[in-house]
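Visitor: Data file final21.cif (mmCIF, C-alpha atoms) is appended below.
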```
data_input
loop_
_atom_site.label_atom_id
_atom_site.label_comp_id
_atom_site.auth_asym_id
_atom_site.auth_seq_id
_atom_site.Cartn_x
_atom_site.Cartn_y
_atom_site.Cartn_z
CA MET A 1 -53.07 -32.41 -21.34
CA GLU A 2 -55.51 -33.46 -24.07
CA LEU A 3 -55.01 -36.32 -26.54
CA ASP A 4 -54.24 -33.93 -29.41
CA ASP A 5 -51.53 -32.34 -27.25
CA MET A 6 -50.10 -35.79 -26.49
CA GLN A 7 -49.95 -36.61 -30.20
CA ALA A 8 -48.24 -33.29 -30.94
CA ILE A 9 -45.69 -33.83 -28.14
CA TRP A 10 -44.99 -37.37 -29.32
CA GLN A 11 -44.57 -36.39 -32.96
CA ARG A 12 -42.32 -33.47 -32.00
CA GLN A 13 -39.58 -36.05 -31.33
CA ASP A 14 -39.18 -36.49 -35.11
CA ALA A 15 -37.60 -33.09 -35.61
CA GLY A 16 -34.66 -33.79 -33.32
CA ILE A 17 -34.27 -37.45 -34.18
CA ASP A 18 -34.14 -37.09 -37.94
CA GLY A 19 -31.39 -34.52 -37.68
CA GLU A 20 -29.53 -36.53 -35.09
CA ARG A 21 -29.37 -39.79 -37.01
CA GLY A 22 -27.84 -39.11 -40.36
CA GLY A 23 -27.20 -41.63 -43.12
CA ALA A 24 -23.58 -41.96 -41.96
CA ALA A 25 -24.62 -43.11 -38.46
CA LEU A 26 -27.03 -45.68 -39.89
CA ARG A 27 -24.37 -46.87 -42.34
CA ARG A 28 -21.98 -47.44 -39.42
CA LEU A 29 -24.72 -49.31 -37.56
CA VAL A 30 -25.47 -51.61 -40.53
CA ALA A 31 -21.73 -52.20 -41.07
CA GLY A 32 -21.35 -53.39 -37.46
CA LEU A 33 -24.43 -55.61 -37.41
CA GLY A 34 -22.46 -58.84 -37.00
CA ARG A 35 -21.69 -57.87 -33.41
CA GLY A 36 -25.28 -57.64 -32.29
CA ALA A 37 -26.96 -60.83 -31.07
CA ALA A 38 -30.73 -60.93 -31.02
CA ALA A 39 -32.31 -63.24 -28.46
CA THR A 40 -33.65 -65.57 -31.14
CA ARG A 41 -30.24 -65.83 -32.81
CA ARG A 42 -28.69 -66.84 -29.50
CA LEU A 43 -31.50 -69.36 -29.04
CA THR A 44 -31.01 -70.65 -32.60
CA ARG A 45 -27.27 -71.14 -32.03
CA TRP A 46 -27.96 -72.92 -28.74
CA LEU A 47 -30.55 -75.20 -30.38
CA TRP A 48 -28.22 -76.10 -33.28
CA MET A 49 -25.52 -77.00 -30.76
CA GLU A 50 -28.02 -79.14 -28.85
CA LEU A 51 -29.16 -80.82 -32.08
CA ALA A 52 -25.55 -81.59 -32.99
CA LEU A 53 -24.96 -83.18 -29.55
CA ASP A 54 -28.21 -85.16 -29.87
CA GLY A 55 -27.08 -86.32 -33.32
CA VAL A 56 -23.75 -87.53 -31.94
CA ALA A 57 -25.55 -89.30 -29.07
CA ILE A 58 -28.03 -90.97 -31.47
CA LEU A 59 -25.23 -92.26 -33.70
CA ALA A 60 -23.05 -93.42 -30.80
CA LEU A 61 -25.93 -95.13 -28.99
CA GLY A 62 -27.21 -96.69 -32.23
CA SER A 63 -23.79 -98.08 -32.90
CA PHE A 64 -23.49 -99.31 -29.29
CA ALA A 65 -26.90 -101.01 -29.46
CA GLY A 66 -25.99 -102.63 -32.79
CA ALA A 67 -22.84 -104.06 -31.24
CA HIS A 68 -24.75 -105.51 -28.26
CA LEU A 69 -27.86 -106.94 -29.95
CA ARG A 70 -27.43 -110.29 -28.19
CA GLU A 71 -26.72 -108.80 -24.76
CA PRO A 72 -29.99 -107.45 -23.33
CA ARG A 73 -28.29 -106.20 -20.16
CA PHE A 74 -26.45 -103.64 -22.35
CA LEU A 75 -28.97 -103.41 -25.19
CA VAL A 76 -31.91 -102.31 -23.00
CA PRO A 77 -30.13 -99.35 -21.31
CA ALA A 78 -28.70 -98.30 -24.70
CA VAL A 79 -32.17 -98.37 -26.31
CA ILE A 80 -33.63 -96.33 -23.41
CA LEU A 81 -30.93 -93.68 -23.89
CA HIS A 82 -31.33 -93.84 -27.68
CA VAL A 83 -35.08 -93.21 -27.46
CA ALA A 84 -34.45 -90.28 -25.08
CA ALA A 85 -31.88 -88.79 -27.51
CA VAL A 86 -34.25 -89.19 -30.47
CA LEU A 87 -37.12 -87.51 -28.56
CA ALA A 88 -34.80 -84.66 -27.52
CA ALA A 89 -33.68 -84.21 -31.16
CA ILE A 90 -37.33 -84.11 -32.32
CA ALA A 91 -38.15 -81.45 -29.71
CA VAL A 92 -35.14 -79.34 -30.71
CA GLY A 93 -35.95 -79.80 -34.42
CA ARG A 94 -39.52 -78.58 -33.86
CA GLN A 95 -38.24 -75.43 -32.15
CA LEU A 96 -35.68 -74.77 -34.90
CA ALA A 97 -38.38 -75.21 -37.56
CA ALA A 98 -40.65 -72.76 -35.72
CA LEU A 99 -37.82 -70.22 -35.48
CA ALA A 100 -36.99 -70.62 -39.19
CA ARG A 101 -40.66 -69.99 -40.10
CA LEU A 102 -40.77 -66.82 -37.99
CA ASP A 103 -41.12 -63.71 -40.18
CA TRP A 104 -40.59 -60.55 -38.10
CA GLY A 105 -42.40 -58.53 -40.78
CA GLU A 106 -45.68 -60.33 -40.05
CA PRO A 107 -48.28 -58.49 -37.90
CA VAL A 108 -47.19 -57.92 -34.31
CA ALA A 109 -49.89 -60.08 -32.69
CA VAL A 110 -49.08 -63.01 -35.00
CA VAL A 111 -45.33 -62.90 -34.33
CA GLN A 112 -45.77 -62.38 -30.58
CA ARG A 113 -48.16 -65.36 -30.41
CA GLN A 114 -45.63 -67.55 -32.24
CA LEU A 115 -42.81 -66.37 -29.96
CA ALA A 116 -44.88 -66.95 -26.83
CA ALA A 117 -45.88 -70.44 -27.98
CA LEU A 118 -42.24 -71.19 -28.74
CA ARG A 119 -41.23 -70.05 -25.26
CA VAL A 120 -43.89 -72.28 -23.67
CA GLU A 121 -42.66 -75.27 -25.68
CA SER A 122 -39.02 -74.52 -24.89
CA VAL A 123 -39.70 -74.30 -21.13
CA ARG A 124 -41.74 -77.54 -21.25
CA VAL A 125 -38.88 -79.35 -23.01
CA VAL A 126 -36.33 -78.20 -20.40
CA LEU A 127 -38.73 -79.19 -17.61
CA VAL A 128 -39.17 -82.71 -19.04
CA VAL A 129 -35.40 -83.07 -19.56
CA LEU A 130 -34.71 -82.00 -15.96
CA LEU A 131 -37.27 -84.46 -14.63
CA VAL A 132 -36.17 -87.40 -16.81
CA ALA A 133 -32.41 -86.85 -16.48
CA PRO A 134 -32.08 -88.51 -13.01
CA LEU A 135 -33.80 -91.63 -14.37
CA LEU A 136 -31.27 -91.89 -17.18
CA TRP A 137 -28.30 -91.85 -14.83
CA ALA A 138 -28.27 -95.63 -14.21
CA PRO A 139 -28.56 -96.67 -17.94
CA LEU A 140 -25.88 -94.05 -18.73
CA LEU A 141 -23.58 -95.57 -16.13
CA VAL A 142 -24.03 -99.09 -17.61
CA VAL A 143 -23.50 -97.93 -21.22
CA GLY A 144 -20.69 -95.49 -20.37
CA LEU A 145 -18.69 -98.05 -18.39
CA ARG A 146 -19.22 -100.66 -21.13
CA ALA A 147 -17.89 -98.21 -23.71
CA LEU A 148 -14.78 -97.96 -21.51
CA GLY A 149 -14.52 -101.74 -21.46
CA VAL A 150 -16.03 -102.27 -18.01
CA ASP A 151 -19.04 -104.51 -17.43
CA ALA A 152 -21.03 -102.58 -14.81
CA TRP A 153 -23.27 -105.61 -14.08
CA ALA A 154 -20.18 -107.64 -13.12
CA ALA A 155 -18.05 -104.87 -11.62
CA LEU A 156 -20.72 -103.26 -9.49
CA PRO A 157 -23.04 -105.00 -7.02
CA GLN A 158 -26.55 -105.25 -8.44
CA PRO A 159 -28.12 -103.70 -5.32
CA TRP A 160 -25.85 -100.68 -5.94
CA LEU A 161 -27.16 -100.34 -9.52
CA LEU A 162 -30.73 -100.77 -8.32
CA GLY A 163 -30.04 -98.18 -5.61
CA ASN A 164 -28.90 -95.73 -8.29
CA LEU A 165 -32.12 -96.25 -10.20
CA LEU A 166 -34.19 -95.71 -7.06
CA PHE A 167 -32.06 -92.68 -6.21
CA GLY A 168 -32.92 -91.26 -9.66
CA VAL A 169 -36.64 -91.79 -8.94
CA ALA A 170 -36.30 -90.18 -5.49
CA VAL A 171 -34.40 -87.17 -6.86
CA ILE A 172 -37.46 -86.04 -8.86
CA PRO A 173 -39.86 -85.23 -5.96
CA VAL A 174 -36.99 -83.93 -3.80
CA GLY A 175 -35.81 -81.67 -6.65
CA LEU A 176 -39.34 -80.38 -7.21
CA TRP A 177 -39.78 -79.67 -3.50
CA LEU A 178 -36.41 -77.88 -3.25
CA ALA A 179 -37.22 -75.79 -6.36
CA HIS A 180 -40.57 -74.75 -4.90
CA ARG A 181 -39.21 -74.10 -1.41
CA PHE A 182 -35.80 -72.55 -2.08
CA GLY A 183 -35.91 -71.75 -5.83
CA GLU A 184 -34.59 -68.19 -5.55
CA ARG A 185 -31.89 -69.10 -3.00
CA LEU A 186 -30.64 -72.36 -4.50
CA SER A 187 -28.03 -70.68 -6.61
CA ARG A 188 -26.62 -67.21 -7.09
CA SER A 189 -26.05 -67.89 -10.80
CA PRO A 190 -28.76 -66.85 -13.26
CA LEU A 191 -28.55 -70.32 -14.86
CA GLY A 192 -29.11 -72.10 -11.52
CA GLN A 193 -32.00 -69.82 -10.64
CA GLY A 194 -33.42 -70.23 -14.13
CA LEU A 195 -33.37 -74.02 -13.81
CA ALA A 196 -34.93 -73.81 -10.35
CA ARG A 197 -37.72 -71.58 -11.69
CA ILE A 198 -38.33 -74.03 -14.53
CA LEU A 199 -38.51 -76.94 -12.06
CA ALA A 200 -40.85 -75.00 -9.82
CA GLY A 201 -43.12 -74.30 -12.79
CA GLN A 202 -42.70 -70.50 -12.48
CA SER A 203 -41.11 -70.11 -15.93
CA LEU A 204 -43.89 -72.11 -17.53
CA ALA A 205 -46.49 -69.97 -15.75
CA VAL A 206 -44.81 -66.76 -16.98
CA ALA A 207 -44.52 -68.08 -20.56
CA ALA A 208 -48.14 -69.24 -20.51
CA ALA A 209 -49.27 -65.86 -19.13
CA VAL A 210 -47.54 -64.04 -22.02
CA LEU A 211 -49.24 -66.36 -24.51
CA GLU A 212 -52.58 -65.72 -22.78
CA GLU A 213 -51.95 -61.95 -22.95
CA VAL A 214 -51.40 -62.11 -26.74
CA ILE A 215 -54.52 -64.25 -27.26
CA ARG A 216 -56.57 -61.77 -25.19
CA PHE A 217 -55.17 -58.89 -27.24
CA GLU A 218 -56.20 -60.57 -30.50
CA ALA A 219 -59.70 -61.44 -29.28
CA GLU A 220 -62.48 -59.45 -30.94
CA PRO A 221 -64.50 -57.25 -28.56
CA GLN A 222 -67.78 -58.81 -27.40
CA PRO A 223 -70.89 -56.99 -28.72
CA MET B 1 -30.18 -56.00 -57.40
CA SER B 2 -26.52 -56.12 -56.26
CA ASP B 3 -25.67 -56.32 -52.55
CA ALA B 4 -24.37 -52.74 -52.55
CA ALA B 5 -27.49 -51.43 -54.29
CA ARG B 6 -29.68 -53.40 -51.90
CA GLN B 7 -27.85 -51.95 -48.92
CA ASP B 8 -28.13 -48.42 -50.36
CA ARG B 9 -31.86 -48.93 -50.92
CA PHE B 10 -32.24 -50.23 -47.35
CA LEU B 11 -30.25 -47.35 -45.86
CA GLY B 12 -32.25 -44.83 -47.88
CA LEU B 13 -35.55 -46.22 -46.59
CA LEU B 14 -34.20 -46.48 -43.05
CA ASP B 15 -32.97 -42.91 -43.16
CA GLU B 16 -36.43 -41.71 -44.23
CA HIS B 17 -37.99 -43.49 -41.25
CA ALA B 18 -35.26 -42.98 -38.64
CA GLY B 19 -37.68 -41.09 -36.39
CA MET B 20 -39.92 -44.13 -36.12
CA LEU B 21 -36.96 -46.28 -35.11
CA HIS B 22 -36.03 -44.02 -32.23
CA LYS B 23 -39.58 -43.48 -31.03
CA VAL B 24 -40.13 -47.22 -30.81
CA ALA B 25 -36.79 -47.69 -29.00
CA SER B 26 -37.53 -44.90 -26.53
CA ALA B 27 -40.92 -46.42 -25.71
CA TYR B 28 -39.45 -49.84 -24.87
CA ALA B 29 -36.02 -49.18 -23.33
CA TRP B 30 -35.45 -47.15 -20.17
CA ASN B 31 -31.91 -45.88 -20.38
CA PRO B 32 -29.59 -44.70 -23.17
CA ALA B 33 -27.44 -47.86 -23.17
CA ASP B 34 -30.46 -50.19 -23.49
CA ARG B 35 -31.93 -47.87 -26.10
CA GLU B 36 -28.76 -48.07 -28.20
CA ASP B 37 -28.83 -51.88 -27.88
CA LEU B 38 -32.47 -51.95 -28.92
CA VAL B 39 -31.89 -49.66 -31.92
CA GLN B 40 -29.07 -51.95 -33.02
CA GLU B 41 -31.25 -55.06 -32.57
CA ILE B 42 -34.07 -53.47 -34.57
CA VAL B 43 -31.79 -52.33 -37.40
CA GLY B 44 -30.15 -55.77 -37.42
CA GLN B 45 -33.49 -57.55 -37.69
CA LEU B 46 -34.72 -55.10 -40.35
CA TRP B 47 -31.61 -55.78 -42.43
CA ARG B 48 -31.88 -59.57 -42.00
CA SER B 49 -35.59 -59.50 -42.87
CA PHE B 50 -35.24 -56.99 -45.73
CA GLY B 51 -35.08 -59.84 -48.28
CA ARG B 52 -38.65 -60.78 -47.32
CA TYR B 53 -39.99 -57.22 -47.64
CA ASP B 54 -42.63 -57.04 -50.38
CA GLU B 55 -42.27 -53.67 -52.12
CA ARG B 56 -45.97 -53.64 -53.03
CA PHE B 57 -46.69 -52.75 -49.42
CA LYS B 58 -45.72 -49.59 -47.54
CA PHE B 59 -42.24 -49.71 -46.04
CA SER B 60 -43.44 -47.86 -42.94
CA THR B 61 -46.01 -50.61 -42.13
CA TRP B 62 -43.41 -53.35 -42.54
CA MET B 63 -40.85 -51.39 -40.52
CA TYR B 64 -43.33 -50.75 -37.69
CA ARG B 65 -44.07 -54.47 -37.54
CA VAL B 66 -40.42 -55.52 -37.35
CA ALA B 67 -39.45 -52.73 -34.94
CA LEU B 68 -42.36 -53.39 -32.57
CA ASN B 69 -41.86 -57.16 -32.65
CA VAL B 70 -38.19 -56.76 -31.75
CA ALA B 71 -38.92 -54.09 -29.12
CA ILE B 72 -41.65 -56.11 -27.37
CA SER B 73 -39.44 -59.20 -27.26
CA PHE B 74 -36.52 -57.09 -26.04
CA SER B 75 -38.58 -55.52 -23.26
CA ARG B 76 -39.94 -58.91 -22.15
CA GLY B 77 -36.40 -60.28 -21.87
CA GLU B 78 -35.19 -57.10 -20.19
CA SER B 79 -38.01 -56.98 -17.68
CA ARG B 80 -37.44 -60.61 -16.72
CA ARG B 81 -33.71 -59.95 -16.30
CA THR B 82 -33.97 -56.77 -14.26
CA ARG B 83 -37.12 -57.38 -12.21
CA ARG B 84 -35.27 -59.08 -9.36
CA THR B 85 -32.29 -56.75 -9.26
CA VAL B 86 -33.29 -53.20 -10.19
CA PRO B 87 -36.75 -51.93 -9.38
CA VAL B 88 -38.01 -49.56 -12.06
CA ALA B 89 -38.01 -46.18 -10.41
CA GLU B 90 -38.53 -42.74 -11.84
CA GLU B 91 -34.82 -42.10 -12.18
CA HIS B 92 -34.53 -45.17 -14.43
CA LEU B 93 -37.14 -43.84 -16.78
CA GLU B 94 -34.73 -41.54 -18.55
CA ILE B 95 -36.42 -40.25 -21.55
CA ALA B 96 -35.39 -40.55 -25.16
CA ALA B 97 -35.60 -36.86 -25.85
CA PRO B 98 -33.09 -36.37 -28.66
CA ALA B 99 -29.93 -34.57 -27.60
CA SER B 100 -30.43 -32.03 -30.35
CA ALA B 101 -33.67 -30.89 -28.73
CA GLY B 102 -31.37 -29.20 -26.24
CA ARG B 103 -33.65 -29.36 -23.19
CA ARG B 104 -35.63 -31.87 -21.20
CA ASP B 105 -39.15 -31.98 -22.48
CA GLU B 106 -41.15 -32.47 -19.32
CA ASP B 107 -44.41 -33.21 -21.12
CA LEU B 108 -42.71 -35.89 -23.18
CA GLU B 109 -41.19 -37.31 -20.01
CA VAL B 110 -44.63 -37.59 -18.42
CA LEU B 111 -45.98 -39.26 -21.55
CA HIS B 112 -43.14 -41.79 -21.59
CA ARG B 113 -43.65 -42.55 -17.90
CA VAL B 114 -47.36 -43.19 -18.44
CA ILE B 115 -46.75 -45.32 -21.55
CA ALA B 116 -44.15 -47.35 -19.65
CA GLN B 117 -46.93 -48.65 -17.37
CA LEU B 118 -48.69 -50.37 -20.29
CA ASP B 119 -47.93 -53.94 -21.34
CA GLY B 120 -46.00 -54.50 -24.58
CA LEU B 121 -48.95 -54.85 -26.95
CA ASP B 122 -51.05 -52.02 -25.50
CA ARG B 123 -47.93 -49.82 -25.60
CA ALA B 124 -47.55 -50.62 -29.32
CA LEU B 125 -51.16 -49.61 -29.90
CA VAL B 126 -50.76 -46.30 -28.05
CA LEU B 127 -47.45 -45.56 -29.78
CA LEU B 128 -49.04 -46.06 -33.21
CA TYR B 129 -51.95 -43.82 -32.21
CA LEU B 130 -49.70 -41.06 -30.86
CA ASP B 131 -47.67 -41.24 -34.05
CA GLY B 132 -50.82 -40.19 -35.93
CA ASN B 133 -51.60 -43.45 -37.73
CA ARG B 134 -55.12 -44.24 -38.95
CA TYR B 135 -57.04 -47.11 -37.34
CA ASP B 136 -56.77 -49.27 -40.47
CA THR B 137 -52.98 -48.79 -40.56
CA ILE B 138 -52.74 -49.65 -36.85
CA ALA B 139 -54.87 -52.75 -37.51
CA GLU B 140 -52.56 -53.76 -40.38
CA VAL B 141 -49.43 -53.35 -38.25
CA LEU B 142 -50.81 -55.20 -35.23
CA GLY B 143 -52.82 -57.90 -37.01
CA ILE B 144 -56.16 -57.19 -35.35
CA SER B 145 -59.36 -55.75 -36.83
CA ALA B 146 -59.99 -51.98 -37.06
CA THR B 147 -63.02 -52.49 -34.78
CA ASN B 148 -60.79 -54.12 -32.21
CA VAL B 149 -58.32 -51.22 -32.53
CA ALA B 150 -61.13 -48.70 -31.96
CA THR B 151 -62.44 -50.54 -28.90
CA LYS B 152 -59.04 -50.94 -27.30
CA LEU B 153 -58.02 -47.37 -28.09
CA SER B 154 -61.17 -45.98 -26.57
CA ARG B 155 -60.27 -47.67 -23.27
CA LEU B 156 -56.59 -46.75 -23.54
CA LYS B 157 -57.32 -43.09 -24.30
CA GLN B 158 -59.34 -42.83 -21.09
CA ARG B 159 -56.47 -44.41 -19.20
CA LEU B 160 -53.93 -42.08 -20.86
CA ARG B 161 -55.95 -38.99 -19.91
CA ARG B 162 -56.34 -40.19 -16.33
CA ASP B 163 -52.72 -41.27 -15.84
CA VAL B 164 -51.27 -38.14 -17.44
CA ALA B 165 -53.50 -36.00 -15.23
CA ILE B 166 -52.28 -37.88 -12.13
CA ALA B 167 -48.64 -37.64 -13.25
CA THR B 168 -48.81 -33.90 -13.83
CA HIS B 169 -50.44 -33.04 -10.50
#
```
Will you turn the file into structure tokens for me?
Guide:
Amino acid sequence: MELDDMQAIWQRQDAGIDGERGGAALRRLVAGLGRGAAATRRLTRWLWMELALDGVAILALGSFAGAHLREPRFLVPAVILHVAAVLAAIAVGRQLAALARLDWGEPVAVVQRQLAALRVESVRVVLVVLLVAPLLWAPLLVVGLRALGVDAWAALPQPWLLGNLLFGVAVIPVGLWLAHRFGERLSRSPLGQGLARILAGQSLAVAAAVLEEVIRFEAEPQP
Amino acid sequence: MSDAARQDRFLGLLDEHAGMLHKVASAYAWNPADREDLVQEIVGQLWRSFGRYDERFKFSTWMYRVALNVAISFSRGESRRTRRTVPVAEEHLEIAAPASAGRRDEDLEVLHRVIAQLDGLDRALVLLYLDGNRYDTIAEVLGISATNVATKLSRLKQRLRRDVAIATH
């Protein structure tokens, strides 16, 4: 089969398709568009939800810190959590801004590069959150119990609190090792496997490889 | 322009280029159900982006860009989702030959199978070439220079010839 034949075969599809898809079918499709959910729309909804939760956390922690300005044992954990919430909100905001700027009518290489860069950033953010989360457990316990009227420093033995902090530190290398060693078997759920792949760095490698592929595609041929 | 007039204008343009829509979908989705999903995603994105379409430029160029962007993203998500569960075998590469054609077009099937081996961006390049577009149009759709298009196509044509020859023997 020669290239001209291939072009003829490919273009022959038009004859059947144009007859098959009339205006009525397209009209029905456009009328039912609300049901379809593109990947980026799902991502956008997810990010807005995350931003809303971050906003609530920032306000609640800000208010908590304001109420405990003279009590460093509560103020310090609240500020640590507040900073983490602000950083998370900034990361989510950056991704939402990038998605809002995305114009699908731009050239293919441009849009695919933006999408690939967004994916890399998104995976990096989840990776950082997964790694930092165990460290935030102890401050969260102190602030959460205080919000419920319990003074964790008085109610719980200090070695126990310190143990929790050390446990958080220890969880990071153990989690990384488990993700590398048993990533695919850790969970049957796609979410569990997805998190394990992110921890193991596989998702970041895939996202980076896609970005690299687009950059290679755009590169001018060497003379 | 009223919403109804805008929708009529959009549907008119879409109707004129319906063939392009289905050819892109058939190049990036393996089975009829995925293909229907992809067509719906493309039409949805076209409609949502229609407000940004600049009428000074050709609708076909803009439509190719949106359709290919959606299709490449769709296929990347799909391939990630199915890679661990369903290996892509020949029987999964059902071809998008329109029902009205009335028979399986074996040559077209071979062509689809060969194209399916290319990555998303190279597949877009080959699809635009097979559809009879000029190099400068392909460059405009993809966002690379015409020289780059020519260089890549020269390599891809050799690969197409070789792979089609292997697939038909």
Visitor: I'd like the neighbourhood of Val169 (chain A) as number ranges by chain, where a residue qualifies if any of its atoms comes within 10 Å (using only C-alpha atoms), though same-chain residues fewer than 2 positions away should be ignored.
Guide: A: 131-136, 163-167, 171-174
Visitor: Step by step, gather every atom of region 150-166 of chain A that the file lists, find the box along x, y and z that holds them, add 4 Å on each side, and finally give centre and edge lengths in Å to one decimal, as lines of an AutoDock Vina configuration file.
Guide:
```
center_x = -25.1
center_y = -101.7
center_z = -11.7
size_x = 26.2
size_y = 19.9
size_z = 20.7
```
Visitor: Could you list, as a count of residues only, every residue of chain B that has an atom within 8 Å of an atom of chain A, counting only C-alpha atoms?
Guide: 53
Visitor: Skip Asp163 (chain B) itself and residues of its chain fewer than 2 positions away, then list as a list of chain:residue names all residues within 10 Å of it, counting only C-alpha atoms.
Guide: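 Those residues are B:Val110, B:Leu111, B:Arg113, B:Val114, B:Ile115, B:Gln117, B:Lys157, B:Gln158, B:Arg159, B:Leu160, B:Arg161, B:Ala165, B:Ile166, B:Ala167, B:Thr168.
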Visitor: To one decimal in Å, tell me the separation between CA of Leu43 (chain A) and CA of Asp37 (chain B).
Guide: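 Interatomic distance here is 17.7 Å.
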Visitor: Quick one, how far is CA of Tyr28 (chain B) from CA of Ile72 (chain B)?
Guide: 7.1 Å
Visitor: Determine the residue membership of the PyMOL selection byres ((chain A and resi 78) around 8) for the file above and supply it as a list in words.
Guide: Leu61, Gly62, Phe64, Ala65, Phe74, Leu75, Val76, Pro77, Val79, Ile80, Leu81, His82, Pro139, Leu140 and Val143 of chain A
Visitor: Between CA of Asp3 (chain B) and CA of Leu38 (chain B), what is the distance, to one decimal in Å?
Guide: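 Pair CA of Asp3 (chain B) / CA of Leu38 (chain B) returns 25.0 Å.
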Visitor: My list of candidates is B:Val149, B:Ala33, B:Val24, B:Leu156. Which is closest to Leu118 (chain B) when distances are computed with all atoms listed in the file?
Guide: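 Closest to Leu118 (chain B), using all atoms listed in the file: B:Leu156.
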Visitor: Convert the output of the PyMOL selection byres ((chain A and resi 204) around 10) on the shown file into explicit residues, formatted as number ranges by chain.
Guide: A: 119-124, 127, 197-203, 205-210
